[in-house]
Amino acid sequence: MKFKAMDKKTIPGVFHNNTFIGLVLIAVMFLFGLTVNHNFLSPKSLENIFTNASLLAFASLGQTLVIISGGVDMSIASCISFGAVASALIMKGSNANIPQALLVLVITGLLVGVVNALGIIYANIAPLVMTLAVSNVLNVIQLIICNGSPTGSLAPAVGFLGKYKLVSVLSMITFLLIIAAIFVYFGLKHNNYAKQLFAVGNNRNAALLAGINVNKVIVITYIISAILGCLTGMLLLGYVNFPYINMGASYGMLTVAAVVIGGASFAGGKGNFLGTIIGSLVLVNLSNILVAIQLNDAVKNVINGLVLLMILVFYTREKAIRQ
Amino acid sequence: MLAAKSISKQYGQTKALDQAELSMKPGEIHALLGSNGSGKSTIAKVLGGLVGKNEGEITIDGKEIQLRSAKDSLAQGIALAYQDYSLVDQLTVEENLFLNSSGTLKMGFIDYKKRFDQTFQILKQFHISAQPDTYVGSLNESDKSLLEVAKALVYKPRYLILDEVTACLHRDQVLVLFDILRKEKKEGLSILFISHRFDEVYELCETVTIFRNGKTVITTDLTKVTNDDIVYYMTGQKETIKKQHNEKQAAEKKEPLLSIQHLGVGTQVNDVSLNLYPGEILGVCGLQGQGQSEFLRAVYGSRKISRGNIIYKGKRLTKFSPERSLKSGMAFISGDRNSEGIFADRSIFENINISRSALRFIFHGIRLNKSMSEANQLIKKLDVVIGEIGDPASSLSGGNQQKLIFARDLLLNPSVVLLDDPAKGVDVKARSEIQGILRGLSDKGMACIYYSSDYKELTAVSDRIVVFYEGDIIAEFNDISEEIESDLAAAMLGATRTEAE
Amino acid sequence: ENINSGNSNAAAGNTTASAQSSAGENTAGKKNINIVFLEGTDSNSWRTQCENTMQKLADDYQSQGIVAKYKLMVANNDATTQIQQMEQAIQDKVDLILINPVTTTGLSATIDKAVAQKILVMSVDQHISHPNVISVTNDQYKWAKIQADWLVKQLGGKGRIYRMDAIKGAPASDVRAKAFEDVLSQNPGIKTIAHDYGMWDEGKGKQIMTQWLATDSNYDGVLCQDGNAVGILEAIETAKLPYPKAITSDEYIQYLKKWKSINDAHPDNPLHAIIVENPPSIGALAMKIGVRLVQGDTLKDGALASDPSDPGHKNALFYNPTVVITNDNMEQYYEKYKNADDSAYIDTDMTDDLVNTYFK
Amino acid sequence: MMHTLMIRVENKMKKSQAYSAYIMLLLLVIINLLIQGAGFANVSTINSLFLVNTPLILATIAQAVVIFCGGIDLSIGATISVVNAFAITAGQYMPVPLAWAGAFLIAVLLGAVKGSIAAYLRVPAILATFAISTLLEGVALLILPNPGGSIPSSIYSVYGGVFAGFIPISALVIAVVLIGYGIVNRRPLGAQIKAAGANPRSLFIAGVSVERTKMKAYVASGIITGIAGLCLTALASSGDPKIGNALSLNSIAATILGGVDLSGGWGTVGGAAAGALFLGIVNNIIFFVFNNIIHSSTFAGIKLSYLQQLLTNIIIILGLSSSLLTHLKKRTEKEEKDK
Ligand SMILES: Nc1ncnc2c1ncn2[C@@H]1O[C@H](COP(=O)(O)OP(=O)(O)OP(=O)(O)O)[C@@H](O)[C@H]1O
Ligand SMILES: Nc1ncnc2c1ncn2[C@@H]1O[C@H](COP(=O)(O)OP(=O)(O)OP(=O)(O)O)[C@@H](O)[C@H]1O
Ligand SMILES: [Mg+2]
Ligand SMILES: [Mg+2]
């Protein structure tokens with residue numbers, strides 16, 4: 001039944017489909033990467049691209065939900081940093097301490113999510129600004145818990161998740177992402193929470209009158225986002241192998257870009273994780289091509305900005321008023 | 001003369017206009033009728049420059065014109081009042097009226113005094129109870145609707161198109177509006193009047209064009225067609241619409257399902273007490289802003305109550321929220337579907353199932369196949385015209401969207417349904433179908449509180465009618481027939497003649 | 001001809017005199033000194049360690065009565081916040097402003113005000129181009145040159161290397177990059193295969209190195225600035241490739257430990273790495289010098305040099321890196337640091353004897 | 001007489017969309033006066049407060065104008081860096097006034113570019129300007145690879161001076177910008193910009209080009225950003241290709257503190273300026289408290305510098321919550337009106 005609508009899609013329809021453009025774009029980038037460096041598509045290079053894209057996609061998973069709900073979460077980067085630093089501090093290199101670490105990350109995520117949501121719901125602060133402010137606070141807390149210099153180290157099991165390679169291009173992280181993606185795909189289709197989330201994002205007022213506990217949905221969404229952020233921090237720690245301050249800083253706006261390139265709209269009510277994964281691949285590809293090109297850093301910044309802008313123009317044009 | 005010739009407009013799979021024809025003569029008030037989704041608003045928007053046509057041509061006095069934006073239309077003397085308004089809530093009344101008008105400029109700068117005076121005059125003329133510097137967001141629906149017309153008139157157009165502007169107006173406001181329109185008409189203005197209220201059409205218009213499925217069926221003098229003819233042209237079916245009023249004796253008044261005692265809501269509702277019995281449809285009548293909307297919302301839990309008790313199924317309610325009400329078997333349907341009903345970007349399927357998902361634990365799983373077939377059944381039962389069940393709700397016409405909301409609540413088998421002007425903008429046929437469904441369910445024991453801005457609708461559907469005036473119930477009618485309409489009208493205006501039977 | 005940053009009477013040559021005389025009148029042995037340290041950011045552990053050594057020293061001074069008040073203010077990388085903090089410190093009439101600047105040039109007008117109030121301003125860790133400011137920094141040029149020379153020698157003057165600088169536009173990174181370039185240009189046998197910026201971010205370093213290795217694993221050495229070497233080694237290990245013939249510094253204890261563990265695992269084929277210290281105690285050194293200047297002591301002639309980024313002024317006090325760790329002395333330093341935190345840095349105590357070498 | 005005047009002022013305040021921002025600012029000033037006493041209320045303190053915060057205040061006004069029209073600009077900071085880098089670099093090759101005019105024009109031009117991308121290409125402004133900010137950070141580095149350069153000291157002494165003995169020149173710059181935007185507001189464009197943000201469809205229906213209106217807002221914002229960049233250049237008296245970068249996020253936080261609605265169409269430039277000044281005064285209080293009142297170096301084992309940052313952010317969150325005041329206010333007003 002659900003495929004019926006797909007059958008009818010005409011060819012021009014496909015061109016308006018973000019997933020399709022995304023795949024084309026990735027193909028184009030691969031080709032371009034090949035011209036820059038003939039090893040760009042070697043298994044090792046692909047593995048690296050997929051692993052980094054998977055990390056970004058993990059970081060963007062919560063962001064996807066928050067953007068669907070009509071908000072935005074700028075505190076993810078600080079959750080990642082906190083998650084990495086705190087879990088190293090607690091794990092102290094021993095698998096036995098993983099449960100405690102997980103507990104602390106989940107509780108922190110819970111608190112951060114609740115504070116974010118309370119500010120947004122009750123104090124009526126714009127999500128962008130509220131989560132930014134909370135992010136600043138969390139960054140300081142990160143400094144406080146380790147007194148400015150991270151100590152401890154990761155447990156072997158976490159290192160295994162972060163660095164083990166299953167086969168050729170498939171790292172453990174990518175594998176985990178695939179599992180998460182399948183889980184989220186069915187979750188978004190077959191779960192009450194997802195339906196309510198989309199409804200809240202699309203029309204908050206109507207959702208309220210349709211009997212949805214809108215505040216509950218929003219609180220849960222920010223909590224999920226913050227918890228996933230903290231857990232991503234643990235995974236990133238596994239990948240990098242040791243903690244340092246502000247490890248997740250570069251993920252902030254990138255998660256937003258990945259989600260929006262993935263087809264979600266800032267207005268809320270639209271988006272899916274598959275698109276976010278593609279968005280992450282596009283962004284990581286871009287950054288890896290820039291690594292492959294030999295250029296002055298300043299020029300790279302300029303190119304990075306221009307290409308990103310072009311991708312956005314391709315992808316995220318809003319509807320015209322006149323139809 | 002403004003003429004639209006064989007206009008077609010395609011939205012994805014939907015053909016909204018199919019070789020439609022329409023013309024407007026100077027000094028004439030022309031009606032445009034058609035069922036929900038027949039393309040009335042679409043052609044209006046084409047003429048307003050808001051929607052681009054795929055085929056056809058538009059001429060003024062025989063010369064073809066191009067309408068690429070609203071600016072073009074305004075330049076050609078065409079102005080519109082939109083069904084879903086074109087006002088900016090965040091701006092004041094005067095800023096809205098003169099958003100793009102040189103009428104109030106002095107050397108390029110706004111002449112505040114002149115603008116204020118002009119706005120003041122307009123507000124007075126339309127009987128809108130607001131100051132020029134009131135923010136539009138704080139106006140109520142009917143004032144907005146009037147302001148929408150006033151805004152269109154500010155452009156001093158030659159062609160004025162009014163898309164269901166009377167849908168939420170009360171009789172006295174309609175009369176004010178019609179006076180203004182007739183006066184403008186005398187000065188040569190050509191008016192296109194889109195409405196689902198036939199009596200108003202007969203009262204105001206001389207000629208009529210009827211649309212069906214995006215095609216023009218007929219254009220004729222209104223004197224040459226009867227009510228039944230119109231329905232035939234609109235629907236293509238010969239059957240007359242049945243009066244839904246039931247002959248059943250008043251519900252047995254033993255245990256009230258819902259008992260409201262001395263309810264107060266802020267300053268809007270003072271002290272309202274009433275009982276609702278199983279199986280009855282209780283009509284609520286009143287001018288806009290007499291507290292009825294707040295009353296319904298307070299019962300449903302989306303407005304805070306300040307005084308009084310609500311006893312439901314024998315228990316006194318203590319904590320209120322829409323979620324709780326829904327879980328206890330209440331449902332609420334608002335006629336303001338854009339902001340309070342429809343999830344425009346979500347699928348028809350999701351729109352129907354959303355309230356049911358709200359009933360369950362938030363992480364509960366959904367069995368897609370089962371709910372899909374239930375949704376399909378309901379769509380068939382309510383005769384909702386859709387493309388695919390996976391299409392977004394925005395692809396439906398207004399009336400069909402409203403039916404979706406009914407489907408959503410019927411899925412829950414509620415024991416009490418609270419309706420806030422649910423048939424606003426719904427065509428005659430759909431309206432009578434909806435009323436039929438309500439009646440069918442109430443025969444099985446469901447109770448309704450049904451508010452409508454149209455008292456004819458109320459006499460057709462209610463078992464009993466209460467009249468709200470300034471936050472109190474000032475009259476109650478137990479024996480409903482068409483004869484009480486004049487009494488209703490009087491009571492609505494505050495005539496304190498308690499009709500205790 | 002009035003294009004001159006700040007005080008027009010401060011000619012480039014005699015800055016020593018003006019910097020000292022501004023604070024040097026009748027202050028011999030001055031007690032109860034008020035000090036403010038304006039920190040640009042504390043979001044990395046080097047800065048934290050620097051702050052900690054300064055705090056410890058200030059506590060000492062306080063117990064001796066030399067310092068009355070020592071305060072640390074952080075500007076979170078916001079230039080205007082830092083300017084505001086300096087303005088307020090001036091209003092508060094402190095005696096000594098130590099600053100690790102967010103902007104190395106943007107404070108000059110504010111510094112002029114401090115100078116006019118006879119407040120001594122000293123820059124820590126980064127060089128400020130202002131005639132009246134003495135910058136106390138590690139000699140980043142020498143730091144980088146020692147390593148680049150070592151790398152060239154290790155590779156025997158020829159080979160293919162990857163090069164990673166830190167941040168384009170960050171003064172320390174740029175000075176080090178200049179030293180790298182100077183050495184490389186004299187050794188045409190060394191070919192740079194790829195060059196990028198690791199942002200002082202180990203994760204970023206790992207990502208870049210992984211990408212490099214994935215596309216070209218035929219290389220001999222890695223010339224990198226600190227903050228990336230551990231990530232680079234991680235990338236090499238994850239890719240299961242042999243270690244390079246030579247790799248340069250990271251001053252984390254973590255790097256030292258990693259090095260040791262690699263050597264322990266391959267006793268016959270040790271990792272050829274080098275660590276040149278970049279001691280966080282530079283902040284304490286600056287404070288010691290600052291306090292003595294406030295107390296009226298005078299710098300030795302020739303103590304001041306000019307910073308490579310600011311050839312026009314002679315206003316830099318360099319700390320010469322003395323700790324250079326290679327396989328020759330690695331075990332010895334490992335023993336010294338094996339109980340330290342991983343994220344701590346190799347450091348050197350800035351003794352009074354050392355301080356005396358700067359003064360008359 | 002006095003009494004009716006007070007009532008009129010009060011009514012005007014209540015009607016103002018920046019009501020809460022002004023109250024908050026006033027509150028903070030009072031708190032600061034209580035803590036610092038006369039130390040705060042003197043010409044040189046006030047002058048230095050304005051002098052340092054004028055770039056942020058102007059950047060916030062520029063941000064507010066873009067937010068009015070439904071956009072947001074994450075590249076204001078990078079634009080200011082470009083202005084600074086250009087003014088200093090070009091100043092070495094041409095007369096300083098010419099270089100400054102060029103730098104200013106670049107900001108205006110960049111405003112137009114951002115406007116076209118947001119309005120005509122209809123890319124969500126937050127992402128478009130994020131990309132642009134990456135780009136401009138590169139451009140600033142290309143123009144001025146290393147921090148350095150200087151300006152005639154006379155510029156700083158004018159910028160840092162006071163007029164008529166007590167009015168900071170920098171505050172006059174802010175006043176000029178506010179008056180300038182006030183003039184825009186006296187033309188239909190003011191309301192049109194807000195309509196473009198709140199309900200572009202309505203603006204289109206009113207026959208006004210939404211694209212052009214947004215364009216004008218971005219250009220106006222570019223003009224103000226240019227002035228902000230020049231003020232920062234005057235303040236720093238030198239060039240640094242990263243000097244403005246922190247202003248992007250700070251200006252957004254400040255607009256919200258100033259009662260501007262991030263979803264467009266609501267707020268005033270005066271409120272925005274008040275929001276920015278709020279941030280400046282918070283920094284001022286924090287410095288004073290931690291430098292002069294608290295005398296230990298740790299508190300409960302936590303370094304004071306961390307507490308200082310924590311406290312700053314918590315005050316900002318409290319400030320942000322104060323929009324709750326106007327929110328409630330709006331709600332009750334609406335309820336009264338419904339009656
Ligand atoms: N933006 C749109 N996208 C897709 N389909 C649309 C859109 N707008 C209208 N339609 C479709 O075009 C048809 C005509 O709609 P229109 O709004 O003109 O109907 P109408 O006659 O005004 O109905 P109503 O009386 O309910 O207002 C409907 O089938 C509707 O579903
Ligand atoms: N003489 C005028 N009379 C009335 N309104 C004016 C006048 N001049 C300008 N305006 C208003 O001020 C705004 C700015 O005017 P401007 O001429 O710059 O652009 P515009 O009229 O919107 O665009 P266009 O280039 O399409 O003419 C306009 O939106 C317009 O509504
Ligand atoms: Mg319609
Ligand atoms: Mg014009």
# chains A, B, ... in the order shown; residues from 1 in each chain; ligands from 1
call {"tool": "residues_around", "arguments": {"residues": "Gly279 (chain A)", "least_positions_apart": "5", "cutoff": "7 Å", "atoms": "only C-alpha atoms", "output": "list in words"}}
result
Ala258, Val259, Ile261 and Gly262 of chain A
call {"tool": "write_last_selection", "arguments": {"atoms": "C-alpha atoms", "output": "short mmCIF file (atom, residue, chain, number, x, y, z; two decimals), in the first residue's frame"}}
result
data_model
loop_
_atom_site.label_atom_id
_atom_site.label_comp_id
_atom_site.auth_asym_id
_atom_site.auth_seq_id
_atom_site.Cartn_x
_atom_site.Cartn_y
_atom_site.Cartn_z
CA ALA A 258 23.35 17.45 7.80
CA VAL A 259 19.73 17.32 8.92
CA ILE A 261 20.47 18.83 3.65
CA GLY A 262 18.77 15.56 4.50
#
call {"tool": "residues_around", "arguments": {"residues": "Leu51 (chain D)", "least_positions_apart": "4", "cutoff": "7 Å", "atoms": "only C-alpha atoms", "output": "count of residues only"}}
result
3
call {"tool": "select_by_dssp", "arguments": {"residues": "region 155-275 of chain C", "states": "strand (DSSP E or B)", "output": "list in words"}}
result
Gly159, Arg160, Ile161, Tyr162, Arg163, Met164, Asp165, Ile190, Lys191, Thr192, Ile193, Ala194, His195, Asp196, Tyr197, Gly221, Val222, Leu223, Cys224, Ala246, Ile247, Tyr252, Ala273 and Ile275 of chain C
call {"tool": "residues_around", "arguments": {"residues": "Asp92 (chain C)", "least_positions_apart": "4", "cutoff": "10 Å", "atoms": "only C-alpha atoms", "output": "mmCIF file with C-alpha atoms, in the first residue's frame"}}
result
data_model
loop_
_atom_site.group_PDB
_atom_site.id
_atom_site.type_symbol
_atom_site.label_atom_id
_atom_site.label_comp_id
_atom_site.auth_asym_id
_atom_site.auth_seq_id
_atom_site.Cartn_x
_atom_site.Cartn_y
_atom_site.Cartn_z
ATOM 1 C CA ASN C 34 47.496 43.826 42.559
ATOM 2 C CA MET C 86 41.198 45.329 30.433
ATOM 3 C CA GLU C 87 39.305 48.611 30.582
ATOM 4 C CA GLN C 88 37.895 47.586 33.936
ATOM 5 C CA GLY D 39 32.298 53.578 40.805
ATOM 6 C CA PHE D 288 33.634 43.772 39.495
ATOM 7 C CA ASN D 291 37.761 41.162 41.155
ATOM 8 C CA ASN D 292 36.666 43.212 44.129
#
call {"tool": "closest_residue", "arguments": {"among": "B:Ser273, B:Gly399, B:Asn100, B:Arg316", "to": "ligand 4", "atoms": "only C-alpha atoms and all ligand atoms"}}
result
B:Asn100
call {"tool": "residues_near_ligand", "arguments": {"ligand": "ligand 2", "cutoff": "9 Å", "atoms": "only C-alpha atoms and all ligand atoms", "output": "number ranges by chain"}}
result
B: 99-110; D: 184, 187-190, 192, 207-210, 212-213, 216
call {"tool": "residues_near_ligand", "arguments": {"ligand": "ligand 3", "cutoff": "8 Å", "atoms": "only C-alpha atoms and all ligand atoms", "output": "PyMOL selection string"}}
result
chain B and resi 36-37+39-42+83+163-164+397-398+425
call {"tool": "interface_residues", "arguments": {"of": "chain A", "to": "chain D", "cutoff": "7 Å", "atoms": "only C-alpha atoms", "output": "VMD selection string"}}
result
chain A and resid 123 to 126 129 133 136 to 137 140 144 257 298 to 299 301 to 306 308 to 309 312 to 313 316 to 318 321
call {"tool": "closest_atom_pairs", "arguments": {"of": "chain B", "to": "ligand 1", "cutoff": "9 Å", "atoms": "only C-alpha atoms and all ligand atoms", "output": "JSON lines"}}
result
{"residue": "B:Lys9", "atom": "CA", "partner": "ligand 1", "partner_atom_place_in_ligand_line": "12 (O)", "distance": 8.3}
{"residue": "B:Gln10", "atom": "CA", "partner": "ligand 1", "partner_atom_place_in_ligand_line": "12 (O)", "distance": 7.8}
{"residue": "B:Tyr11", "atom": "CA", "partner": "ligand 1", "partner_atom_place_in_ligand_line": "4 (C)", "distance": 4.6}
{"residue": "B:Gly12", "atom": "CA", "partner": "ligand 1", "partner_atom_place_in_ligand_line": "4 (C)", "distance": 6.4}
{"residue": "B:Gln13", "atom": "CA", "partner": "ligand 1", "partner_atom_place_in_ligand_line": "5 (N)", "distance": 8.0}
{"residue": "B:Thr14", "atom": "CA", "partner": "ligand 1", "partner_atom_place_in_ligand_line": "5 (N)", "distance": 5.9}
{"residue": "B:Lys15", "atom": "CA", "partner": "ligand 1", "partner_atom_place_in_ligand_line": "12 (O)", "distance": 6.5}
{"residue": "B:Ala16", "atom": "CA", "partner": "ligand 1", "partner_atom_place_in_ligand_line": "12 (O)", "distance": 3.9}
{"residue": "B:Leu17", "atom": "CA", "partner": "ligand 1", "partner_atom_place_in_ligand_line": "14 (C)", "distance": 7.0}
{"residue": "B:Leu33", "atom": "CA", "partner": "ligand 1", "partner_atom_place_in_ligand_line": "21 (O)", "distance": 8.0}
{"residue": "B:Gly34", "atom": "CA", "partner": "ligand 1", "partner_atom_place_in_ligand_line": "21 (O)", "distance": 6.1}
{"residue": "B:Ser35", "atom": "CA", "partner": "ligand 1", "partner_atom_place_in_ligand_line": "25 (O)", "distance": 5.7}
{"residue": "B:Asn36", "atom": "CA", "partner": "ligand 1", "partner_atom_place_in_ligand_line": "26 (O)", "distance": 3.5}
{"residue": "B:Gly37", "atom": "CA", "partner": "ligand 1", "partner_atom_place_in_ligand_line": "19 (O)", "distance": 3.3}
{"residue": "B:Ser38", "atom": "CA", "partner": "ligand 1", "partner_atom_place_in_ligand_line": "21 (O)", "distance": 3.9}
{"residue": "B:Gly39", "atom": "CA", "partner": "ligand 1", "partner_atom_place_in_ligand_line": "18 (O)", "distance": 3.2}
{"residue": "B:Lys40", "atom": "CA", "partner": "ligand 1", "partner_atom_place_in_ligand_line": "21 (O)", "distance": 3.7}
{"residue": "B:Ser41", "atom": "CA", "partner": "ligand 1", "partner_atom_place_in_ligand_line": "22 (O)", "distance": 3.6}
{"residue": "B:Thr42", "atom": "CA", "partner": "ligand 1", "partner_atom_place_in_ligand_line": "18 (O)", "distance": 3.7}
{"residue": "B:Ile43", "atom": "CA", "partner": "ligand 1", "partner_atom_place_in_ligand_line": "18 (O)", "distance": 6.6}
{"residue": "B:Ala44", "atom": "CA", "partner": "ligand 1", "partner_atom_place_in_ligand_line": "18 (O)", "distance": 7.9}
{"residue": "B:Lys45", "atom": "CA", "partner": "ligand 1", "partner_atom_place_in_ligand_line": "18 (O)", "distance": 8.3}
{"residue": "B:Gln83", "atom": "CA", "partner": "ligand 1", "partner_atom_place_in_ligand_line": "27 (O)", "distance": 7.3}
{"residue": "B:Asp163", "atom": "CA", "partner": "ligand 1", "partner_atom_place_in_ligand_line": "22 (O)", "distance": 7.9}
{"residue": "B:Glu164", "atom": "CA", "partner": "ligand 1", "partner_atom_place_in_ligand_line": "27 (O)", "distance": 7.7}
{"residue": "B:Ile194", "atom": "CA", "partner": "ligand 1", "partner_atom_place_in_ligand_line": "25 (O)", "distance": 8.5}
{"residue": "B:Ser195", "atom": "CA", "partner": "ligand 1", "partner_atom_place_in_ligand_line": "25 (O)", "distance": 7.7}
{"residue": "B:His196", "atom": "CA", "partner": "ligand 1", "partner_atom_place_in_ligand_line": "25 (O)", "distance": 7.3}
{"residue": "B:Phe211", "atom": "CA", "partner": "ligand 1", "partner_atom_place_in_ligand_line": "21 (O)", "distance": 7.8}
{"residue": "B:Arg212", "atom": "CA", "partner": "ligand 1", "partner_atom_place_in_ligand_line": "21 (O)", "distance": 8.5}
{"residue": "B:Asn213", "atom": "CA", "partner": "ligand 1", "partner_atom_place_in_ligand_line": "29 (O)", "distance": 7.8}
{"residue": "B:Gly214", "atom": "CA", "partner": "ligand 1", "partner_atom_place_in_ligand_line": "14 (C)", "distance": 6.9}
{"residue": "B:Val385", "atom": "CA", "partner": "ligand 1", "partner_atom_place_in_ligand_line": "29 (O)", "distance": 8.1}
{"residue": "B:Ile386", "atom": "CA", "partner": "ligand 1", "partner_atom_place_in_ligand_line": "31 (O)", "distance": 8.0}
{"residue": "B:Gly387", "atom": "CA", "partner": "ligand 1", "partner_atom_place_in_ligand_line": "31 (O)", "distance": 8.9}
{"residue": "B:Pro392", "atom": "CA", "partner": "ligand 1", "partner_atom_place_in_ligand_line": "4 (C)", "distance": 8.8}
{"residue": "B:Ala393", "atom": "CA", "partner": "ligand 1", "partner_atom_place_in_ligand_line": "31 (O)", "distance": 8.6}
{"residue": "B:Ser394", "atom": "CA", "partner": "ligand 1", "partner_atom_place_in_ligand_line": "3 (N)", "distance": 6.2}
{"residue": "B:Ser395", "atom": "CA", "partner": "ligand 1", "partner_atom_place_in_ligand_line": "5 (N)", "distance": 4.1}
{"residue": "B:Leu396", "atom": "CA", "partner": "ligand 1", "partner_atom_place_in_ligand_line": "31 (O)", "distance": 3.4}
{"residue": "B:Ser397", "atom": "CA", "partner": "ligand 1", "partner_atom_place_in_ligand_line": "31 (O)", "distance": 3.9}
{"residue": "B:Gly398", "atom": "CA", "partner": "ligand 1", "partner_atom_place_in_ligand_line": "26 (O)", "distance": 3.6}
{"residue": "B:Gly399", "atom": "CA", "partner": "ligand 1", "partner_atom_place_in_ligand_line": "26 (O)", "distance": 4.4}
{"residue": "B:Asn400", "atom": "CA", "partner": "ligand 1", "partner_atom_place_in_ligand_line": "26 (O)", "distance": 7.0}
{"residue": "B:Gln401", "atom": "CA", "partner": "ligand 1", "partner_atom_place_in_ligand_line": "26 (O)", "distance": 8.2}
{"residue": "B:Gln402", "atom": "CA", "partner": "ligand 1", "partner_atom_place_in_ligand_line": "26 (O)", "distance": 8.9}
{"residue": "B:Gly425", "atom": "CA", "partner": "ligand 1", "partner_atom_place_in_ligand_line": "25 (O)", "distance": 6.0}
{"residue": "B:Val426", "atom": "CA", "partner": "ligand 1", "partner_atom_place_in_ligand_line": "26 (O)", "distance": 6.1}
{"residue": "B:Asp427", "atom": "CA", "partner": "ligand 1", "partner_atom_place_in_ligand_line": "25 (O)", "distance": 6.2}
call {"tool": "interface_residues", "arguments": {"of": "chain A", "to": "chain B", "cutoff": "6 Å", "atoms": "only C-alpha atoms", "output": "number ranges by chain"}}
result
A: 190-193, 202-203, 205-206, 210-213, 322-323
call {"tool": "interface_residues", "arguments": {"of": "chain C", "to": "chain D", "cutoff": "9 Å", "atoms": "only C-alpha atoms", "output": "ChimeraX atom specification"}}
result
/C:1-8,36,42,55,59,69-81,83-85,87-89,91-92,102-110,129,168-171,174,309-310
call {"tool": "select_by_dssp", "arguments": {"residues": "region 113-183 of chain D", "states": "alpha helix (DSSP H)", "output": "JSON, numbers by chain"}}
result
{"D": [113, 114, 115, 116, 117, 118, 119, 125, 126, 127, 128, 129, 130, 131, 132, 133, 134, 135, 136, 137, 138, 139, 140, 141, 142, 143, 153, 154, 155, 156, 157, 158, 159, 169, 170, 171, 172, 173, 174, 175, 176, 177, 178, 179, 180, 181, 182, 183]}
call {"tool": "residues_around", "arguments": {"residues": "Ile67 (chain A)", "least_positions_apart": "4", "cutoff": "9 Å", "atoms": "only C-alpha atoms", "output": "MDAnalysis selection string"}}
result
chainID A and resid 62:63 71:73 201 256 259:260 264:271
call {"tool": "closest_residue", "arguments": {"among": "D:Ala41, D:Val113, D:Leu74, D:Val108", "to": "Gly222 (chain D)", "atoms": "only C-alpha atoms"}}
result
D:Val108
